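Asker: A single structure is presented below for examination.
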Amino acid sequence: MPVLYRVHLVDNPRELVNIRWNDDGQITQIEPYHEKPENVPSIWASDIKGEGIWDGEEGLVLPGLVDAHTHLDKAKTYQASMTSDGTVQAAIREFRQVPPQTPDGVYERVMSILKQMVSYGTTLVRTHIDSYYPDLVRLSGIFSAMMAAKEAMKDKIEVQFVLMCPGEIDATWSKHLCEMRGNLSALGGAPWLSPDPVKNIQWILDQATRLGLGVDLHIDETLDPEVKTLEWLTDEVLRRSFSGSVVASHVLAIGTQDQAIQRRIARAVGEAEIHIVSLPQTNCYLQGRESPYLTWRGITPMRVWKDMGVNVALASDNMQDLFHPWGNGDLLQVASLALYAAQLQPRDEIDVLRAISYIPRLWLKGDENPLVPSRLADLLVLPVSSAHQVFSDMPAARAVFKQGRLISRRRVIVD
Ligand SMILES: [Zn+2]
């Protein structure tokens with residue numbers, strides 16, 4: 001049976017362990033390391049041949065990373081001729097003027113970014129599909145292309161879809177949602193952009209209840225203190241005792257409120273069991289341009305959430321499009337930026353790694369602890385021995401297992 005010798009688990013970096021799994025890829029045992037047989041190949045060796053035993057070389061193991069919020073339909077559409085002024089409003093406006101995407105083009109780009117994400121250690125991704133496409137026929141062509149990419153990559157990465165509902169709904173949408181329901185993990189939207197945010201939140205929650213889905217919303221992607229969709233969403237979830245999963249992403253405006261208000265809202269968010277996803281790359285790029293001096297940070301106030309016991313996940317959001325011209329799907333880069341932008345400290349390093357692995361895996365898969373016997377061996381191996389070294393050295397090398405199979409390695413040659 002396959003075994004990975006001599007690795008540290010991120011939660012217990014002092015101990016070296018072996019991880020064993022069966023031929024179905026299910027972890028069977030995690031045992032203390034004493035010694036390994038001779039001639040076990042290094043996980044970083046050049047001529048590895050899939051023997052099923054590897055020496056982890058005292059590296060660090062995390063569960064396969066989870067990118068809980070992306071926009072794969074837009075990924076890699078950036079071109080140098082695009083002239084957005086770098087605000088979210090301009091990006092929304094200008095992306096609608098980009099020539100229509102063909103389903104073949106969408107398929108190629110989605111495949112390309114998924115392969116890249118896998119190579120950095122991500123084995124589960126949730127993507128939002130925009131509703132701005134001017135007609136449902138075009139949306140359905142794009143969705144079909146994304147479904148084909150999901151199927152083609154299913155042995156390497158699991159893809160979940162969220163359909164963004166428009167801010168103003170017409171009658172065709174309820175029918176359309178029914179048709180797509182089987183392929184959706186949640187209903188999305190951006191109620192903070194709707195002419196009537198409360199009505200929009202209520203409609204999306206009504207539809208999610210009717211279809212038995214969770215909701216996953218863009219919330220307050222602005223540093224305008226007057227925007228308070230998070231409070232309205234929280235009130236509505238509590239009022240109707242909504243039983244589905246609720247995810248709120250971005251969540252920036254709360255950072256403009258004073259501490260007492262932030263803590264009151266954070267307490268209510270915790271009570272409503274709303275999951276918060278922070279997206280520091282896109283939001284540090286888009287937000288705060290109105291203040292060229294003492295520029296505000298485009299990140300949800302993670303220290304407040306932490307003090308109040310509310311978990312926050314971290315994710316990529318846009319990658320190489322008008323909303324975010326850079327971004328390569330490497331969640332370690334996202335986590336590293338969060339340490340700086342949210343002004344966290346070395347004691348927060350393990351929590352930040354959990355924010356791209358354990359926490360979103362629990363929310364998206366219901367998987368409480370992915371690194372115990374009976375769970376599938378979706379693993380990321382890094383050539384460092386602690387969370388501190390992850391962020392000090394930012395290792396480029398990665399070895400990725402999906403259901404016990406070694407599916408990708410990035411190796412570094414230093415001459
Ligand atoms: Zn987004």
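By convention here, the chains of the structure tokens are called A, B, ... in the order presented, each chain's residues are numbered starting at 1, and ligands are numbered starting at 1 in the order presented.
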Hey, which residues come within 9 Å of ligand 1 if we count only C-alpha atoms and all ligand atoms? Could you give them as a ChimeraX atom specification?
Answerer: /A:69-71,127-128,190,217-218,221,249-250,279,282,316-318
Asker: For stretch 192-205 of chain A, list every protein, DNA or RNA residue within 9 Å, evaluated using only C-alpha atoms, and leave out those in the same chain fewer than 4 positions away; present the list as a list of chain:residue names.
Answerer: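 Selected residues are A:Cys165, A:Pro166, A:Gly167, A:Glu168, A:Ile169, A:Leu187, A:Gly188, A:Thr209, A:Arg210, A:Gly214, A:Val215, A:His218, A:Ile219, A:Asp220, A:Glu221, A:Thr222, A:Val227, A:Lys228, A:Thr229, A:Leu230, A:Trp232, A:Leu233, A:Glu236, A:Val237, A:Phe242.
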Asker: So that I have them on file, write out the residues from the current selection with N, CA and C atoms, as a PDB file, in the first residue's frame.
Answerer:
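out12.pdb, freshly written:
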ATOM      1  N   CYS A 165     -26.758  35.540  -9.582  1.00  0.00           N
ATOM      2  CA  CYS A 165     -28.065  36.039 -10.022  1.00  0.00           C
ATOM      3  C   CYS A 165     -27.964  37.552 -10.210  1.00  0.00           C
ATOM      4  N   PRO A 166     -28.696  38.097 -11.178  1.00  0.00           N
ATOM      5  CA  PRO A 166     -28.619  39.545 -11.413  1.00  0.00           C
ATOM      6  C   PRO A 166     -29.182  40.340 -10.237  1.00  0.00           C
ATOM      7  N   GLY A 167     -28.836  41.628 -10.202  1.00  0.00           N
ATOM      8  CA  GLY A 167     -29.366  42.518  -9.156  1.00  0.00           C
ATOM      9  C   GLY A 167     -30.819  42.857  -9.372  1.00  0.00           C
ATOM     10  N   GLU A 168     -31.253  42.798 -10.636  1.00  0.00           N
ATOM     11  CA  GLU A 168     -32.672  43.000 -10.948  1.00  0.00           C
ATOM     12  C   GLU A 168     -33.150  41.752 -11.673  1.00  0.00           C
ATOM     13  N   ILE A 169     -34.170  41.142 -11.135  1.00  0.00           N
ATOM     14  CA  ILE A 169     -34.581  39.824 -11.611  1.00  0.00           C
ATOM     15  C   ILE A 169     -35.791  39.959 -12.539  1.00  0.00           C
ATOM     16  N   LEU A 187     -26.317  29.512  -4.917  1.00  0.00           N
ATOM     17  CA  LEU A 187     -26.717  30.673  -5.715  1.00  0.00           C
ATOM     18  C   LEU A 187     -25.889  31.870  -5.286  1.00  0.00           C
ATOM     19  N   GLY A 188     -25.427  32.627  -6.270  1.00  0.00           N
ATOM     20  CA  GLY A 188     -24.602  33.786  -5.967  1.00  0.00           C
ATOM     21  C   GLY A 188     -25.279  35.076  -6.366  1.00  0.00           C
ATOM     22  N   THR A 209     -33.894  28.497  -1.004  1.00  0.00           N
ATOM     23  CA  THR A 209     -34.760  27.637  -0.181  1.00  0.00           C
ATOM     24  C   THR A 209     -35.570  26.709  -1.079  1.00  0.00           C
ATOM     25  N   ARG A 210     -36.146  27.288  -2.144  1.00  0.00           N
ATOM     26  CA  ARG A 210     -36.978  26.508  -3.069  1.00  0.00           C
ATOM     27  C   ARG A 210     -36.176  25.387  -3.725  1.00  0.00           C
ATOM     28  N   GLY A 214     -27.378  26.318  -1.035  1.00  0.00           N
ATOM     29  CA  GLY A 214     -26.832  27.374  -0.202  1.00  0.00           C
ATOM     30  C   GLY A 214     -26.725  28.666  -1.008  1.00  0.00           C
ATOM     31  N   VAL A 215     -26.269  29.731  -0.356  1.00  0.00           N
ATOM     32  CA  VAL A 215     -26.001  30.973  -1.079  1.00  0.00           C
ATOM     33  C   VAL A 215     -24.545  31.365  -0.844  1.00  0.00           C
ATOM     34  N   HIS A 218     -21.336  37.977  -3.187  1.00  0.00           N
ATOM     35  CA  HIS A 218     -20.370  39.076  -3.117  1.00  0.00           C
ATOM     36  C   HIS A 218     -21.001  40.138  -2.208  1.00  0.00           C
ATOM     37  N   ILE A 219     -20.314  40.449  -1.123  1.00  0.00           N
ATOM     38  CA  ILE A 219     -20.904  41.360  -0.138  1.00  0.00           C
ATOM     39  C   ILE A 219     -19.961  42.544   0.109  1.00  0.00           C
ATOM     40  N   ASP A 220     -20.473  43.733  -0.122  1.00  0.00           N
ATOM     41  CA  ASP A 220     -19.798  44.982   0.261  1.00  0.00           C
ATOM     42  C   ASP A 220     -18.355  45.031  -0.235  1.00  0.00           C
ATOM     43  N   GLU A 221     -18.212  44.911  -1.556  1.00  0.00           N
ATOM     44  CA  GLU A 221     -16.884  44.997  -2.166  1.00  0.00           C
ATOM     45  C   GLU A 221     -16.564  46.468  -2.400  1.00  0.00           C
ATOM     46  N   THR A 222     -16.515  47.203  -1.306  1.00  0.00           N
ATOM     47  CA  THR A 222     -16.322  48.648  -1.364  1.00  0.00           C
ATOM     48  C   THR A 222     -15.860  49.126   0.003  1.00  0.00           C
ATOM     49  N   VAL A 227     -22.384  51.492   2.811  1.00  0.00           N
ATOM     50  CA  VAL A 227     -22.860  50.214   2.247  1.00  0.00           C
ATOM     51  C   VAL A 227     -22.904  49.173   3.360  1.00  0.00           C
ATOM     52  N   LYS A 228     -24.092  48.652   3.630  1.00  0.00           N
ATOM     53  CA  LYS A 228     -24.282  47.800   4.813  1.00  0.00           C
ATOM     54  C   LYS A 228     -24.998  46.497   4.489  1.00  0.00           C
ATOM     55  N   THR A 229     -24.681  45.930   3.333  1.00  0.00           N
ATOM     56  CA  THR A 229     -25.378  44.706   2.914  1.00  0.00           C
ATOM     57  C   THR A 229     -25.113  43.552   3.865  1.00  0.00           C
ATOM     58  N   LEU A 230     -23.916  43.523   4.482  1.00  0.00           N
ATOM     59  CA  LEU A 230     -23.604  42.419   5.407  1.00  0.00           C
ATOM     60  C   LEU A 230     -24.616  42.374   6.546  1.00  0.00           C
ATOM     61  N   TRP A 232     -27.689  43.547   6.488  1.00  0.00           N
ATOM     62  CA  TRP A 232     -29.008  43.169   5.970  1.00  0.00           C
ATOM     63  C   TRP A 232     -29.062  41.671   5.688  1.00  0.00           C
ATOM     64  N   LEU A 233     -27.968  41.124   5.154  1.00  0.00           N
ATOM     65  CA  LEU A 233     -27.930  39.670   4.902  1.00  0.00           C
ATOM     66  C   LEU A 233     -28.029  38.909   6.236  1.00  0.00           C
ATOM     67  N   GLU A 236     -31.511  38.999   7.677  1.00  0.00           N
ATOM     68  CA  GLU A 236     -32.462  38.190   6.909  1.00  0.00           C
ATOM     69  C   GLU A 236     -32.238  36.697   7.167  1.00  0.00           C
ATOM     70  N   VAL A 237     -30.973  36.283   7.260  1.00  0.00           N
ATOM     71  CA  VAL A 237     -30.669  34.864   7.531  1.00  0.00           C
ATOM     72  C   VAL A 237     -31.196  34.480   8.914  1.00  0.00           C
ATOM     73  N   PHE A 242     -32.649  30.621   7.980  1.00  0.00           N
ATOM     74  CA  PHE A 242     -32.228  29.954   6.738  1.00  0.00           C
ATOM     75  C   PHE A 242     -31.293  28.797   7.087  1.00  0.00           C
TER      76      PHE A 242
END
Asker: Determine the nearest neighbour of A:Lys306 from the options A:Ser119, A:Gln29, A:Gln160, A:Gln262, counting only C-alpha atoms.
Answerer: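 So, comparing all the options, the nearest one is A:Gln262.
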Asker: Just the residues within 9 Å of A:Ile27, please, counting only C-alpha atoms, with nothing from its chain fewer than 2 positions along; format it as a list in words.
Answerer: Ile19, Arg20, Trp21, Asn22, Asp24, Gly25, Gln29, Ile30, Leu371, Val372, Pro373, Ser374, Arg375, Leu376, Ala377 and Gly404 of chain A
Asker: Among stretch 189-338 of chain A, which ones does DSSP assign to helix (DSSP H, G or I) (computed from the backbone)? Answer as a PyMOL selection string.
Answerer: chain A and resi 191-193+197-211+229-239+253-256+259-271+280-286+302-307+331-338
Asker: Residues within 6 Å of A:Met164, please, as an MDAnalysis selection string. Count only C-alpha atoms; anything in the same chain fewer than 2 positions from it doesn't count.
Answerer: chainID A and resid 129:131 188:189
Asker: Could you write out, as a compact mmCIF listing (two decimals) with C-alpha atoms, in the first residue's frame, all the residues of stretch 22-230 of chain A that DSSP marks as strand (DSSP E or B)?
Answerer:
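Output (out_13.txt):
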# COMPACT_ATOMS: atom_id res chain seq x y z
CA GLN A 26 -8.23 6.42 1.52
CA ILE A 27 -5.87 7.25 4.39
CA THR A 28 -5.51 4.17 6.59
CA GLN A 29 -2.89 5.24 9.13
CA ILE A 30 -0.85 8.20 10.30
CA GLU A 31 1.92 6.85 12.53
CA PRO A 32 5.06 8.30 14.16
CA SER A 42 12.70 11.24 -2.48
CA ILE A 53 6.38 4.91 -1.66
CA TRP A 54 8.04 8.25 -1.19
CA ASP A 55 10.39 9.92 1.28
CA GLY A 56 8.86 13.26 2.20
CA GLU A 57 12.30 14.54 3.30
CA GLU A 58 10.86 16.11 6.49
CA GLY A 59 8.60 18.34 4.42
CA LEU A 60 5.29 19.88 5.51
CA VAL A 61 1.94 18.30 4.56
CA LEU A 62 -1.33 20.18 4.24
CA PRO A 63 -4.66 18.90 2.98
CA LEU A 65 -5.73 23.47 -0.89
CA VAL A 66 -9.23 24.87 -1.46
CA ASP A 67 -9.83 28.02 -3.51
CA ALA A 68 -13.28 28.97 -2.26
CA HIS A 69 -13.92 31.93 -4.56
CA THR A 70 -12.75 32.39 -8.15
CA THR A 122 -5.29 23.26 -5.10
CA THR A 123 -7.57 20.23 -5.37
CA LEU A 124 -10.97 21.90 -4.85
CA VAL A 125 -12.17 25.17 -6.35
CA ARG A 126 -15.45 27.05 -6.31
CA THR A 127 -16.10 29.40 -9.22
CA HIS A 128 -18.76 32.07 -9.69
CA ILE A 129 -20.28 32.39 -13.13
CA GLU A 158 -13.04 19.18 -8.01
CA VAL A 159 -14.89 22.20 -9.40
CA GLN A 160 -18.02 23.68 -7.79
CA PHE A 161 -20.23 26.20 -9.59
CA VAL A 162 -22.08 29.21 -8.19
CA LEU A 163 -24.37 31.10 -10.55
CA MET A 164 -24.46 34.83 -9.90
CA CYS A 165 -28.07 36.04 -10.02
CA ALA A 186 -24.98 27.57 -4.41
CA LEU A 187 -26.72 30.67 -5.72
CA GLY A 188 -24.60 33.79 -5.97
CA GLY A 189 -24.99 37.47 -6.69
CA GLY A 214 -26.83 27.37 -0.20
CA VAL A 215 -26.00 30.97 -1.08
CA ASP A 216 -22.58 32.44 -1.78
CA LEU A 217 -22.69 36.21 -2.25
CA HIS A 218 -20.37 39.08 -3.12
CA ILE A 219 -20.90 41.36 -0.14
Asker: Which distance in Å separates atom CA of A:His388 and atom CA of A:Gly329, to one decimal?
Answerer: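 Straight-line distance from atom CA of A:His388 to atom CA of A:Gly329 works out to 21.2 Å.
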Asker: Could you tell me how far atom CA of A:Gln320 sits from atom CA of A:Ala75, in Å to one decimal place?
Answerer: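 So the two atoms, atom CA of A:Ala75 and atom CA of A:Gln320, lie 5.6 Å apart.
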